[in-house]
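Have a look at input-v3.cif; it's mmCIF, C-alpha atoms:
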data_target
#
loop_
_atom_site.label_atom_id
_atom_site.label_comp_id
_atom_site.auth_asym_id
_atom_site.auth_seq_id
_atom_site.Cartn_x
_atom_site.Cartn_y
_atom_site.Cartn_z
CA MET A 1 -1.92 -15.68 1.92
CA LEU A 2 -4.14 -12.72 2.83
CA HIS A 3 -5.28 -10.28 0.16
CA THR A 4 -7.25 -7.15 0.94
CA VAL A 5 -9.16 -5.06 -1.61
CA ASN A 6 -10.36 -1.59 -0.67
CA LYS A 7 -11.91 -0.24 -3.87
CA SER A 8 -15.28 -0.81 -5.44
CA PRO A 9 -15.12 -3.14 -8.48
CA PHE A 10 -17.31 -0.63 -10.33
CA GLU A 11 -14.74 2.13 -9.79
CA LYS A 12 -11.46 0.30 -10.31
CA ASN A 13 -10.15 -3.04 -11.45
CA SER A 14 -8.46 -3.88 -8.17
CA LEU A 15 -10.80 -6.75 -7.24
CA GLU A 16 -10.52 -8.20 -10.74
CA THR A 17 -6.72 -8.01 -10.67
CA CYS A 18 -6.65 -9.43 -7.15
CA LEU A 19 -8.75 -12.44 -8.13
CA ARG A 20 -6.62 -13.00 -11.22
CA LEU A 21 -3.42 -13.04 -9.15
CA THR A 22 -4.56 -14.86 -6.02
CA GLU A 23 -3.48 -18.44 -5.38
CA GLN A 24 -5.82 -21.27 -4.50
CA ASP A 25 -6.80 -21.44 -0.82
CA SER A 26 -5.89 -17.81 -0.16
CA THR A 27 -8.06 -15.44 1.83
CA VAL A 28 -9.55 -12.29 0.32
CA LEU A 29 -10.84 -9.58 2.65
CA LEU A 30 -12.94 -6.73 1.26
CA ILE A 31 -12.62 -3.48 3.19
CA GLU A 32 -13.67 0.16 2.71
CA ASP A 33 -15.35 0.57 -0.71
CA GLY A 34 -14.16 -2.94 -1.56
CA VAL A 35 -17.17 -4.33 0.30
CA TYR A 36 -19.35 -3.53 -2.73
CA GLY A 37 -17.61 -6.44 -4.44
CA ALA A 38 -19.53 -8.82 -2.19
CA LEU A 39 -23.00 -7.66 -3.25
CA LYS A 40 -25.31 -10.10 -4.95
CA GLY A 41 -26.95 -9.28 -8.25
CA THR A 42 -24.12 -7.22 -9.69
CA LYS A 43 -22.35 -7.50 -13.02
CA ILE A 44 -19.34 -9.11 -11.32
CA GLU A 45 -21.28 -11.63 -9.25
CA ASP A 46 -20.24 -14.47 -11.58
CA LEU A 47 -16.57 -13.55 -11.23
CA VAL A 48 -16.87 -13.55 -7.46
CA LEU A 49 -18.83 -16.82 -7.38
CA GLU A 50 -16.19 -18.48 -9.53
CA SER A 51 -13.45 -17.27 -7.20
CA LEU A 52 -15.28 -18.58 -4.16
CA SER A 53 -14.47 -22.09 -5.29
CA ASN A 54 -10.75 -21.23 -4.94
CA VAL A 55 -10.51 -18.70 -2.14
CA LYS A 56 -12.19 -17.83 1.12
CA MET A 57 -13.79 -14.38 1.10
CA TYR A 58 -14.63 -12.02 3.93
CA VAL A 59 -16.05 -8.53 4.23
CA LEU A 60 -15.30 -6.07 6.99
CA GLY A 61 -18.57 -5.59 8.91
CA PRO A 62 -18.04 -1.99 10.01
CA ASP A 63 -17.47 -0.93 6.38
CA LEU A 64 -20.55 -2.88 5.29
CA MET A 65 -22.76 -1.28 7.95
CA ALA A 66 -21.43 2.19 7.20
CA ARG A 67 -22.68 1.73 3.64
CA GLY A 68 -26.14 0.58 4.65
CA LEU A 69 -25.53 -3.05 3.77
CA ASP A 70 -25.91 -6.24 5.75
CA LYS A 71 -25.61 -9.99 5.30
CA ASN A 72 -28.82 -10.11 3.28
CA SER A 73 -27.15 -8.00 0.59
CA LEU A 74 -24.22 -10.36 0.20
CA ILE A 75 -23.36 -13.28 -2.05
CA ASN A 76 -23.61 -16.57 -0.17
CA ASN A 77 -20.55 -17.89 1.64
CA ILE A 78 -18.95 -14.50 2.08
CA GLU A 79 -18.48 -14.10 5.81
CA ILE A 80 -18.69 -10.84 7.73
CA ILE A 81 -15.85 -10.16 10.17
CA ASP A 82 -14.77 -7.29 12.42
CA TYR A 83 -11.46 -5.50 13.02
CA GLN A 84 -10.42 -8.01 15.67
CA ASP A 85 -10.80 -10.79 13.09
CA PHE A 86 -8.93 -8.65 10.53
CA VAL A 87 -5.98 -8.53 12.91
CA LYS A 88 -6.21 -12.29 13.49
CA LEU A 89 -6.16 -12.90 9.72
CA ALA A 90 -3.08 -10.72 9.46
CA VAL A 91 -1.42 -12.74 12.20
CA GLU A 92 -2.38 -16.10 10.67
CA ASN A 93 -1.10 -15.24 7.20
CA GLU A 94 2.64 -14.82 6.77
CA ARG A 95 2.16 -13.09 3.45
CA ILE A 96 -0.14 -10.12 2.94
CA GLN A 97 -0.97 -8.18 -0.22
CA ASN A 98 -3.08 -5.01 -0.03
CA TRP A 99 -4.66 -4.21 -3.40
CA LEU A 100 -5.42 -0.49 -3.65
CA MET B 1 3.48 -10.05 16.57
CA LYS B 2 5.17 -6.85 15.37
CA PHE B 3 3.25 -4.82 12.82
CA GLY B 4 4.54 -2.20 10.40
CA ILE B 5 1.82 0.04 9.00
CA LEU B 6 2.10 2.15 5.83
CA VAL B 7 -0.46 4.96 5.37
CA ASN B 8 -0.47 6.41 1.89
CA GLU B 9 -3.27 8.95 2.08
CA GLY B 10 -4.07 12.07 4.05
CA PRO B 11 -6.82 12.61 6.63
CA TYR B 12 -10.50 12.72 5.60
CA THR B 13 -10.19 12.55 1.80
CA HIS B 14 -9.61 8.81 1.84
CA GLN B 15 -10.62 6.21 4.40
CA ALA B 16 -7.05 4.89 4.55
CA SER B 17 -6.01 6.76 7.68
CA ASP B 18 -9.21 5.73 9.50
CA SER B 19 -8.84 2.08 8.54
CA ALA B 20 -5.20 2.10 9.60
CA TYR B 21 -6.09 3.68 12.94
CA LEU B 22 -8.84 1.14 13.66
CA PHE B 23 -6.54 -1.73 12.68
CA VAL B 24 -3.79 -0.43 14.94
CA LYS B 25 -6.21 -0.11 17.87
CA ALA B 26 -7.48 -3.65 17.35
CA ALA B 27 -3.93 -4.97 17.11
CA ILE B 28 -2.97 -3.24 20.35
CA ASP B 29 -6.10 -4.64 22.02
CA GLN B 30 -4.86 -8.13 21.15
CA GLY B 31 -1.49 -7.44 22.70
CA HIS B 32 0.47 -6.97 19.48
CA GLU B 33 3.23 -4.44 19.01
CA ILE B 34 3.12 -1.65 16.46
CA PHE B 35 6.71 -1.35 15.27
CA ARG B 36 6.05 1.85 13.32
CA VAL B 37 3.34 3.69 11.42
CA PHE B 38 4.94 5.24 8.35
CA PHE B 39 3.12 7.96 6.44
CA TYR B 40 3.94 8.37 2.75
CA HIS B 41 2.55 10.33 -0.22
CA ASP B 42 -0.32 12.51 1.07
CA GLY B 43 -0.27 10.41 4.22
CA VAL B 44 2.17 12.94 5.67
CA ASN B 45 -0.76 15.35 6.02
CA ASN B 46 -2.01 13.22 8.92
CA GLY B 47 0.77 14.85 10.93
CA THR B 48 -0.57 18.40 10.89
CA ARG B 49 -0.94 20.34 14.12
CA LEU B 50 -3.24 22.85 12.48
CA ALA B 51 -6.37 20.90 11.57
CA THR B 52 -9.72 22.12 12.87
CA PRO B 53 -12.28 19.55 11.77
CA PRO B 54 -15.94 20.04 12.79
CA GLN B 55 -16.52 19.43 16.50
CA ASP B 56 -18.92 16.56 15.84
CA ASP B 57 -16.43 14.59 13.77
CA ARG B 58 -13.31 12.62 14.64
CA HIS B 59 -10.05 14.57 14.84
CA ILE B 60 -7.77 12.36 12.78
CA PRO B 61 -4.37 13.96 13.45
CA ASN B 62 -5.09 14.34 17.17
CA ARG B 63 -6.25 10.80 17.67
CA TRP B 64 -3.06 9.51 16.04
CA SER B 65 -1.04 11.74 18.42
CA GLU B 66 -3.00 10.51 21.43
CA LEU B 67 -2.76 6.85 20.46
CA ALA B 68 0.97 7.25 19.89
CA LYS B 69 1.40 8.87 23.28
CA GLU B 70 -0.71 6.28 25.12
CA HIS B 71 1.02 3.27 23.55
CA ASN B 72 4.42 4.67 22.66
CA ILE B 73 3.94 4.23 18.91
CA ASP B 74 6.50 5.57 16.44
CA LEU B 75 4.65 7.77 13.93
CA VAL B 76 6.95 8.74 11.07
CA LEU B 77 6.29 11.17 8.23
CA CYS B 78 8.53 10.59 5.21
CA VAL B 79 10.86 13.57 4.90
CA ALA B 80 10.78 13.76 1.08
CA ALA B 81 6.98 13.54 0.95
CA ALA B 82 6.71 16.01 3.83
CA GLN B 83 8.99 18.54 2.15
CA ARG B 84 6.95 18.36 -1.05
CA ARG B 85 3.71 18.91 0.81
CA GLY B 86 4.84 21.48 3.38
CA MET B 87 4.84 19.38 6.53
CA VAL B 88 7.56 20.94 8.64
CA ASP B 89 9.07 20.22 12.05
CA ALA B 90 11.44 22.48 13.99
CA ASP B 91 14.56 20.99 12.34
CA GLU B 92 13.14 21.20 8.85
CA MET B 93 12.05 24.75 9.54
CA LYS B 94 15.64 25.74 10.28
CA ARG B 95 17.16 23.63 7.55
CA ASN B 96 14.88 24.87 4.80
CA LYS B 97 14.50 28.41 6.17
CA LYS B 98 10.76 28.32 6.64
CA ASP B 99 8.93 30.77 8.87
CA ALA B 100 6.82 28.16 10.67
CA ASP B 101 6.52 24.54 11.59
CA ASN B 102 3.25 22.64 11.62
CA ILE B 103 3.83 19.13 12.80
CA ALA B 104 1.65 17.61 15.52
CA GLU B 105 2.89 16.11 18.76
CA ASN B 106 4.26 12.56 18.71
CA PHE B 107 4.93 12.59 14.99
CA ARG B 108 8.48 12.78 13.70
CA ILE B 109 9.90 13.37 10.25
CA SER B 110 12.46 10.91 8.92
CA GLY B 111 13.72 9.15 5.82
CA LEU B 112 12.30 6.36 3.67
CA GLY B 113 14.83 4.07 5.30
CA GLN B 114 12.44 3.94 8.24
CA LEU B 115 9.83 2.32 6.00
CA ILE B 116 12.28 -0.25 4.66
CA GLU B 117 13.45 -0.95 8.19
CA ALA B 118 9.84 -1.53 9.24
CA GLY B 119 9.50 -4.01 6.38
CA ILE B 120 12.59 -5.83 7.57
CA GLN B 121 12.04 -5.75 11.33
CA ALA B 122 8.27 -6.16 11.59
CA ASP B 123 6.57 -9.53 11.18
CA ARG B 124 3.87 -8.03 8.99
CA LEU B 125 3.68 -4.86 6.89
CA ILE B 126 0.18 -3.65 5.98
CA THR B 127 -0.57 -0.85 3.51
CA PHE B 128 -3.59 1.43 3.75
CA GLY B 129 -4.07 3.67 0.73
CA ASP B 130 -6.22 4.59 -2.18
CA MET C 1 12.66 -17.39 2.75
CA GLU C 2 14.37 -15.20 5.31
CA GLU C 3 18.14 -15.57 5.47
CA GLU C 4 20.61 -14.33 8.02
CA THR C 5 23.71 -12.62 6.73
CA GLN C 6 26.55 -11.01 8.57
CA SER C 7 24.79 -7.67 8.29
CA GLY C 8 21.29 -8.88 9.10
CA VAL C 9 18.08 -10.30 7.76
CA ILE C 10 17.40 -10.48 4.03
CA LYS C 11 13.76 -10.52 3.00
CA LYS C 12 12.10 -10.83 -0.40
CA PHE C 13 10.69 -7.36 -1.09
CA LEU C 14 8.15 -6.76 -3.83
CA TYR C 15 7.15 -3.29 -5.02
CA VAL C 16 3.79 -3.48 -6.76
CA ASN C 17 3.19 -0.78 -9.37
CA ARG C 18 -0.31 -0.58 -10.84
CA ARG C 19 -0.72 3.06 -11.73
CA ALA C 20 0.14 5.10 -14.80
CA PRO C 21 2.86 7.73 -14.50
CA HIS C 22 2.28 11.48 -14.25
CA GLY C 23 -1.49 11.49 -13.61
CA THR C 24 -0.67 10.81 -9.97
CA ILE C 25 2.57 10.89 -7.99
CA TYR C 26 2.51 7.24 -6.92
CA ALA C 27 4.80 5.97 -9.69
CA HIS C 28 7.37 8.66 -8.99
CA GLU C 29 7.36 8.36 -5.21
CA ALA C 30 7.36 4.56 -5.40
CA LEU C 31 10.60 4.74 -7.36
CA GLU C 32 12.11 6.88 -4.60
CA VAL C 33 11.36 4.10 -2.11
CA VAL C 34 13.06 1.58 -4.39
CA LEU C 35 16.19 3.72 -4.68
CA ILE C 36 16.49 4.36 -0.93
CA GLY C 37 15.60 0.74 -0.26
CA ALA C 38 18.46 -0.43 -2.46
CA ALA C 39 20.92 0.54 0.28
CA PHE C 40 19.40 -2.07 2.57
CA GLU C 41 20.56 -4.95 0.39
CA GLN C 42 17.32 -6.86 0.42
CA ASP C 43 16.12 -9.23 -2.31
CA VAL C 44 14.15 -6.73 -4.38
CA SER C 45 11.70 -7.31 -7.21
CA MET C 46 9.39 -4.84 -8.91
CA ALA C 47 6.07 -5.88 -10.39
CA PHE C 48 4.28 -3.85 -13.06
CA ILE C 49 0.62 -4.76 -13.34
CA ASP C 50 -2.43 -3.03 -14.88
CA ASP C 51 -1.63 0.62 -15.71
CA GLY C 52 1.72 0.22 -13.97
CA VAL C 53 3.12 -1.08 -17.26
CA PHE C 54 2.75 2.44 -18.70
CA GLN C 55 5.44 3.63 -16.27
CA LEU C 56 8.04 1.82 -18.36
CA LYS C 57 6.98 3.21 -21.73
CA LYS C 58 9.82 4.67 -23.84
CA ASP C 59 10.10 8.27 -24.95
CA GLN C 60 8.34 10.00 -22.11
CA ASN C 61 8.76 13.76 -22.49
CA THR C 62 7.31 15.90 -19.73
CA ASP C 63 8.37 19.32 -21.07
CA GLY C 64 4.83 20.28 -22.01
CA ILE C 65 3.36 19.45 -18.61
CA ASP C 66 6.33 20.94 -16.79
CA THR C 67 6.88 18.09 -14.37
CA LYS C 68 9.99 16.09 -13.57
CA ASN C 69 10.65 13.27 -16.00
CA PHE C 70 11.34 10.67 -13.37
CA SER C 71 11.02 7.84 -15.92
CA LYS C 72 14.71 8.26 -16.72
CA THR C 73 15.42 6.82 -13.28
CA PHE C 74 14.27 3.37 -14.40
CA SER C 75 17.46 3.00 -16.42
CA ALA C 76 19.50 3.78 -13.29
CA LEU C 77 17.96 0.91 -11.32
CA GLU C 78 20.58 -1.51 -12.59
CA MET C 79 23.29 0.58 -10.90
CA TYR C 80 21.44 0.13 -7.62
CA ASP C 81 21.34 -3.65 -8.14
CA VAL C 82 17.60 -3.56 -8.69
CA GLU C 83 17.39 -5.82 -11.71
CA LYS C 84 14.32 -7.93 -11.22
CA LEU C 85 11.60 -6.03 -13.05
CA TYR C 86 8.58 -8.14 -13.89
CA VAL C 87 5.82 -7.02 -16.23
CA GLU C 88 2.55 -8.91 -16.49
CA LYS C 89 1.88 -9.97 -20.09
CA GLU C 90 -1.87 -9.69 -19.73
CA SER C 91 -1.56 -6.07 -18.61
CA LEU C 92 0.64 -5.28 -21.63
CA ASP C 93 -1.72 -7.01 -24.05
CA GLU C 94 -4.82 -5.32 -22.64
CA ARG C 95 -3.14 -1.98 -23.31
CA GLY C 96 -1.71 -2.77 -26.72
CA ILE C 97 1.85 -2.30 -25.45
CA LYS C 98 4.70 -4.50 -26.64
CA GLU C 99 7.90 -5.37 -24.80
CA ASP C 100 9.71 -3.30 -27.47
CA ASP C 101 7.81 -0.21 -26.32
CA LEU C 102 9.45 -0.42 -22.91
CA ALA C 103 12.45 1.69 -21.94
CA VAL C 104 14.33 -0.89 -19.87
CA ASP C 105 15.03 -4.61 -19.83
CA VAL C 106 12.24 -6.43 -18.08
CA LYS C 107 10.98 -9.95 -17.76
CA VAL C 108 7.50 -10.28 -19.22
CA ILE C 109 5.69 -12.95 -17.26
CA SER C 110 2.29 -14.61 -17.33
CA SER C 111 -0.43 -13.98 -14.75
CA SER C 112 0.32 -17.39 -13.37
CA GLU C 113 4.00 -16.51 -12.86
CA MET C 114 3.04 -13.13 -11.37
CA LYS C 115 0.74 -14.95 -8.95
CA LYS C 116 3.69 -17.09 -7.86
CA LEU C 117 5.96 -14.04 -7.45
CA ILE C 118 3.42 -12.36 -5.20
CA THR C 119 2.92 -15.48 -3.12
CA GLU C 120 6.65 -15.89 -2.61
CA SER C 121 7.28 -12.28 -1.56
CA GLU C 122 7.71 -11.59 2.12
CA VAL C 123 7.28 -7.80 2.25
CA ILE C 124 4.96 -6.31 -0.34
CA LEU C 125 4.64 -2.56 -0.77
CA ASN C 126 1.78 -0.99 -2.70
CA PHE C 127 1.52 2.63 -3.75
#
So, in terms of structure tokens, how does the structure I just supplied come out?
Amino acid sequence: MLHTVNKSPFEKNSLETCLRLTEQDSTVLLIEDGVYGALKGTKIEDLVLESLSNVKMYVLGPDLMARGLDKNSLINNIEIIDYQDFVKLAVENERIQNWL
Amino acid sequence: MKFGILVNEGPYTHQASDSAYLFVKAAIDQGHEIFRVFFYHDGVNNGTRLATPPQDDRHIPNRWSELAKEHNIDLVLCVAAAQRRGMVDADEMKRNKKDADNIAENFRISGLGQLIEAGIQADRLITFGD
Amino acid sequence: MEEETQSGVIKKFLYVNRRAPHGTIYAHEALEVVLIGAAFEQDVSMAFIDDGVFQLKKDQNTDGIDTKNFSKTFSALEMYDVEKLYVEKESLDERGIKEDDLAVDVKVISSSEMKKLITESEVILNF
């Protein structure tokens, strides 16, 4: 299943709720302000690291770049993808949940 | 694949409309079909004909109109949400006795049933919101 | 899974409600989708998670803020055959709300059961 999260974890609990309610082997894609959830050295890094053992995580590159971030800012094993990949993920996953 | 898209926020204030637009463009590039883009809550404000954003910035309502025209996409503003927020087409103008209409080209106003139908008929429904 | 009926496809719809009522319009307008959607005879469930659980709180009185008290509509859902209302226990507990505080009959479920509900839903709408 594909989950997207578009809000910063420091603004709203959407990422936290998403990770609580996401099944093993799902895919989580961080978009818009959600990309801040992928930063290393934050107060939620442990939560994200723990989840990475259950789910595959991606960030949307254009949103990352817009915010002055790049792969060096990110927690390991979170992959950067573009809109074309976003569409492919949506095609590959029959079920999609967009956490707002 | 057939995509249904739900846009819950208006232009500029939230990134939702931008993200939805970029997703739709990428989907079209890959040969997918956009069954419908349904605008709900403040999303109906994307359908205004009267926006004048700064020249050096993207024109969100216009680029939706142009994309819809180029690829024959059904852009629907929810009638209930539109009525609440003053988005009016020619029919609504007559029906509700308003002195103007303000809807942009290639948008139409219709009921929530169009959203449910998109959920049923499309292969995937994606929500962009706040 | 998708079924064919004489009238058409039936899909498992899930309406995800995570916001409190009245501070924003999402709760109210989401309910309008559910009511219109009821006519399409799909397999409908509603999930109340995070602040969404506050939408179901009893005794809402909007006289003082002069807005429509749409919360009364929750009790009408049954008439529209929308009966599967699921509330996440963790969200209730975090907010000190008990099942007794809620205005309508719901099924209080664990995070694990909510996870399963989400995974099994075919069309998920978020507001």
Selection result for the PyMOL selection byres ((chain C and resi 24) around 12) on this file, as a PDB file with C-alpha atoms, in the coordinates of the input:
ATOM      1  CA  HIS B  41       2.550  10.330  -0.220  1.00  0.00           C
ATOM      2  CA  ASP B  42      -0.320  12.510   1.070  1.00  0.00           C
ATOM      3  CA  ASP B 130      -6.220   4.590  -2.180  1.00  0.00           C
TER       4      ASP B 130
ATOM      5  CA  ARG C  18      -0.310  -0.580 -10.840  1.00  0.00           C
ATOM      6  CA  ARG C  19      -0.720   3.060 -11.730  1.00  0.00           C
ATOM      7  CA  ALA C  20       0.140   5.100 -14.800  1.00  0.00           C
ATOM      8  CA  PRO C  21       2.860   7.730 -14.500  1.00  0.00           C
ATOM      9  CA  HIS C  22       2.280  11.480 -14.250  1.00  0.00           C
ATOM     10  CA  GLY C  23      -1.490  11.490 -13.610  1.00  0.00           C
ATOM     11  CA  ILE C  25       2.570  10.890  -7.990  1.00  0.00           C
ATOM     12  CA  TYR C  26       2.510   7.240  -6.920  1.00  0.00           C
ATOM     13  CA  ALA C  27       4.800   5.970  -9.690  1.00  0.00           C
ATOM     14  CA  HIS C  28       7.370   8.660  -8.990  1.00  0.00           C
ATOM     15  CA  GLU C  29       7.360   8.360  -5.210  1.00  0.00           C
ATOM     16  CA  ALA C  30       7.360   4.560  -5.400  1.00  0.00           C
ATOM     17  CA  ASP C  51      -1.630   0.620 -15.710  1.00  0.00           C
ATOM     18  CA  GLY C  52       1.720   0.220 -13.970  1.00  0.00           C
ATOM     19  CA  GLN C  55       5.440   3.630 -16.270  1.00  0.00           C
ATOM     20  CA  THR C  67       6.880  18.090 -14.370  1.00  0.00           C
ATOM     21  CA  PHE C 127       1.520   2.630  -3.750  1.00  0.00           C
TER      22      PHE C 127
END
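Using all atoms listed in the file, the residues found no farther than 10 Å from Arg20 of chain A, other than those of its own chain fewer than 5 positions away, are Ser14, Leu15, Leu47 and Ser51 of chain A; Ser111, Ser112, Met114 and Lys115 of chain C.
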Write to file, as an mmCIF file, keeping the file's coordinate frame, the residues of the selection just made, with C-alpha atoms.
data_model
loop_
_atom_site.group_PDB
_atom_site.id
_atom_site.type_symbol
_atom_site.label_atom_id
_atom_site.label_comp_id
_atom_site.auth_asym_id
_atom_site.auth_seq_id
_atom_site.Cartn_x
_atom_site.Cartn_y
_atom_site.Cartn_z
ATOM 1 C CA SER A 14 -8.460 -3.880 -8.170
ATOM 2 C CA LEU A 15 -10.800 -6.750 -7.240
ATOM 3 C CA LEU A 47 -16.570 -13.550 -11.230
ATOM 4 C CA SER A 51 -13.450 -17.270 -7.200
ATOM 5 C CA SER C 111 -0.430 -13.980 -14.750
ATOM 6 C CA SER C 112 0.320 -17.390 -13.370
ATOM 7 C CA MET C 114 3.040 -13.130 -11.370
ATOM 8 C CA LYS C 115 0.740 -14.950 -8.950
#
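Every chain A residue lying within 8 Å of chain C, based on only C-alpha atoms, is listed here: Met1, Thr17, Arg20, Leu21, Thr22, Glu23, Glu94, Arg95, Ile96, Gln97, Asn98, Trp99 and Leu100 of chain A.
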Near-Leu89 of chain A list (12 Å; all atoms listed in the file; drop same-chain fewer than 3 positions) as a PDB file with C-alpha atoms, in the frame of the given file:
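After the write, result-v2.pdb holds the following:
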ATOM      1  CA  MET A   1      -1.920 -15.680   1.920  1.00  0.00           C
ATOM      2  CA  LEU A   2      -4.140 -12.720   2.830  1.00  0.00           C
ATOM      3  CA  HIS A   3      -5.280 -10.280   0.160  1.00  0.00           C
ATOM      4  CA  THR A   4      -7.250  -7.150   0.940  1.00  0.00           C
ATOM      5  CA  SER A  26      -5.890 -17.810  -0.160  1.00  0.00           C
ATOM      6  CA  THR A  27      -8.060 -15.440   1.830  1.00  0.00           C
ATOM      7  CA  VAL A  28      -9.550 -12.290   0.320  1.00  0.00           C
ATOM      8  CA  LEU A  29     -10.840  -9.580   2.650  1.00  0.00           C
ATOM      9  CA  LYS A  56     -12.190 -17.830   1.120  1.00  0.00           C
ATOM     10  CA  MET A  57     -13.790 -14.380   1.100  1.00  0.00           C
ATOM     11  CA  TYR A  58     -14.630 -12.020   3.930  1.00  0.00           C
ATOM     12  CA  LEU A  60     -15.300  -6.070   6.990  1.00  0.00           C
ATOM     13  CA  ILE A  81     -15.850 -10.160  10.170  1.00  0.00           C
ATOM     14  CA  ASP A  82     -14.770  -7.290  12.420  1.00  0.00           C
ATOM     15  CA  TYR A  83     -11.460  -5.500  13.020  1.00  0.00           C
ATOM     16  CA  GLN A  84     -10.420  -8.010  15.670  1.00  0.00           C
ATOM     17  CA  ASP A  85     -10.800 -10.790  13.090  1.00  0.00           C
ATOM     18  CA  PHE A  86      -8.930  -8.650  10.530  1.00  0.00           C
ATOM     19  CA  GLU A  92      -2.380 -16.100  10.670  1.00  0.00           C
ATOM     20  CA  ASN A  93      -1.100 -15.240   7.200  1.00  0.00           C
ATOM     21  CA  GLU A  94       2.640 -14.820   6.770  1.00  0.00           C
ATOM     22  CA  ARG A  95       2.160 -13.090   3.450  1.00  0.00           C
ATOM     23  CA  ILE A  96      -0.140 -10.120   2.940  1.00  0.00           C
TER      24      ILE A  96
ATOM     25  CA  PHE B  23      -6.540  -1.730  12.680  1.00  0.00           C
ATOM     26  CA  ALA B  27      -3.930  -4.970  17.110  1.00  0.00           C
ATOM     27  CA  ARG B 124       3.870  -8.030   8.990  1.00  0.00           C
ATOM     28  CA  ILE B 126       0.180  -3.650   5.980  1.00  0.00           C
TER      29      ILE B 126
END
>> To one decimal place in Å, what is the distance between atom CA of Val106 of chain C and atom CA of Lys12 of chain C?
In response: 18.2 Å
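Between Ile31 of chain A and the candidates A:Val59, A:Val87, A:Leu19, A:Leu52, the tightest atom-to-atom separation, counting all atoms listed in the file, involves A:Val59.
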Excluding segment 108-112 of chain B and residues on its chain fewer than 2 positions from it, collect all residues at most 8 Å away from it, counting all atoms listed in the file, and give them as a PDB file with C-alpha atoms, keeping the file's coordinate frame.
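part-v3.pdb, freshly written:
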ATOM      1  CA  ASP B  74       6.500   5.570  16.440  1.00  0.00           C
ATOM      2  CA  LEU B  75       4.650   7.770  13.930  1.00  0.00           C
ATOM      3  CA  VAL B  76       6.950   8.740  11.070  1.00  0.00           C
ATOM      4  CA  LEU B  77       6.290  11.170   8.230  1.00  0.00           C
ATOM      5  CA  CYS B  78       8.530  10.590   5.210  1.00  0.00           C
ATOM      6  CA  VAL B  79      10.860  13.570   4.900  1.00  0.00           C
ATOM      7  CA  ALA B  80      10.780  13.760   1.080  1.00  0.00           C
ATOM      8  CA  ALA B  82       6.710  16.010   3.830  1.00  0.00           C
ATOM      9  CA  ASP B  89       9.070  20.220  12.050  1.00  0.00           C
ATOM     10  CA  ILE B 103       3.830  19.130  12.800  1.00  0.00           C
ATOM     11  CA  ASN B 106       4.260  12.560  18.710  1.00  0.00           C
ATOM     12  CA  GLN B 114      12.440   3.940   8.240  1.00  0.00           C
ATOM     13  CA  LEU B 115       9.830   2.320   6.000  1.00  0.00           C
ATOM     14  CA  ILE B 116      12.280  -0.250   4.660  1.00  0.00           C
TER      15      ILE B 116
ATOM     16  CA  VAL C  33      11.360   4.100  -2.110  1.00  0.00           C
ATOM     17  CA  ILE C  36      16.490   4.360  -0.930  1.00  0.00           C
ATOM     18  CA  GLY C  37      15.600   0.740  -0.260  1.00  0.00           C
TER      19      GLY C  37
END
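Restricting the calculation to all atoms listed in the file, the smallest distance between chain A and any of B:Ser17, B:Asn45, B:Thr52, B:Asn72 is found for B:Ser17.
Atom CA of Val91 of chain A is positioned 25.1 Å from atom CA of Glu66 of chain B.
One distance worth recording is that between atom CA of Glu41 of chain C and atom CA of Ile10 of chain C, which is 7.3 Å.
For chain B, the residues within 7 Å of chain C are Leu112, Gly113, Ile116, Gly119, Ile120, Leu125 and Thr127 of chain B, with all atoms listed in the file used to measure distance.
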>> Running the PyMOL selection byres ((chain B) within 12 of (chain A)) on this model by hand, what would come out? Give it as number ranges by chain.
In response: B: 1-9, 14-34, 119, 122-130
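Of the residues listed (A:Ala66, A:Ser53, A:Leu39, A:Ile75), A:Ser53 shows the shortest atom-to-atom separation from Asp25 of chain A; distances use all atoms listed in the file.
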Taking all atoms of segment 111-118 of chain B that the file lists and extending 6 Å past them on each side, where is the centre of the axis-aligned box and how long are its edges? Answer in Å to one decimal, as JSON.
{"center_x": 12.3, "center_y": 3.8, "center_z": 6.5, "size_x": 17.0, "size_y": 22.7, "size_z": 17.6}
>> as a PyMOL selection string, please: the residues near Lys57 of chain C (cut-off 7 Å, only C-alpha atoms, same-chain neighbours under 3 positions excluded).
In response: chain C and resi 54+60+101-103
> Skipping near chain neighbours, those fewer than 6 positions away, what residues fall within 10 Å of segment 68-74 of chain A using all atoms listed in the file, listed as a ChimeraX atom specification?
Replying inline: /A:35-41,45,59,61-62,80
> the PyMOL selection byres ((chain B and resi 61) around 10) on the file shown: which residues, as a list in words?
Replying inline: Gly10, Pro11, Ser17, Asn45, Asn46, Gly47, Thr48, Arg49, Leu50, Ala51, Thr52, Pro53, Arg58, His59, Ile60, Asn62, Arg63, Trp64, Ser65, Glu66, Ile103, Ala104, Glu105 and Phe107 of chain B
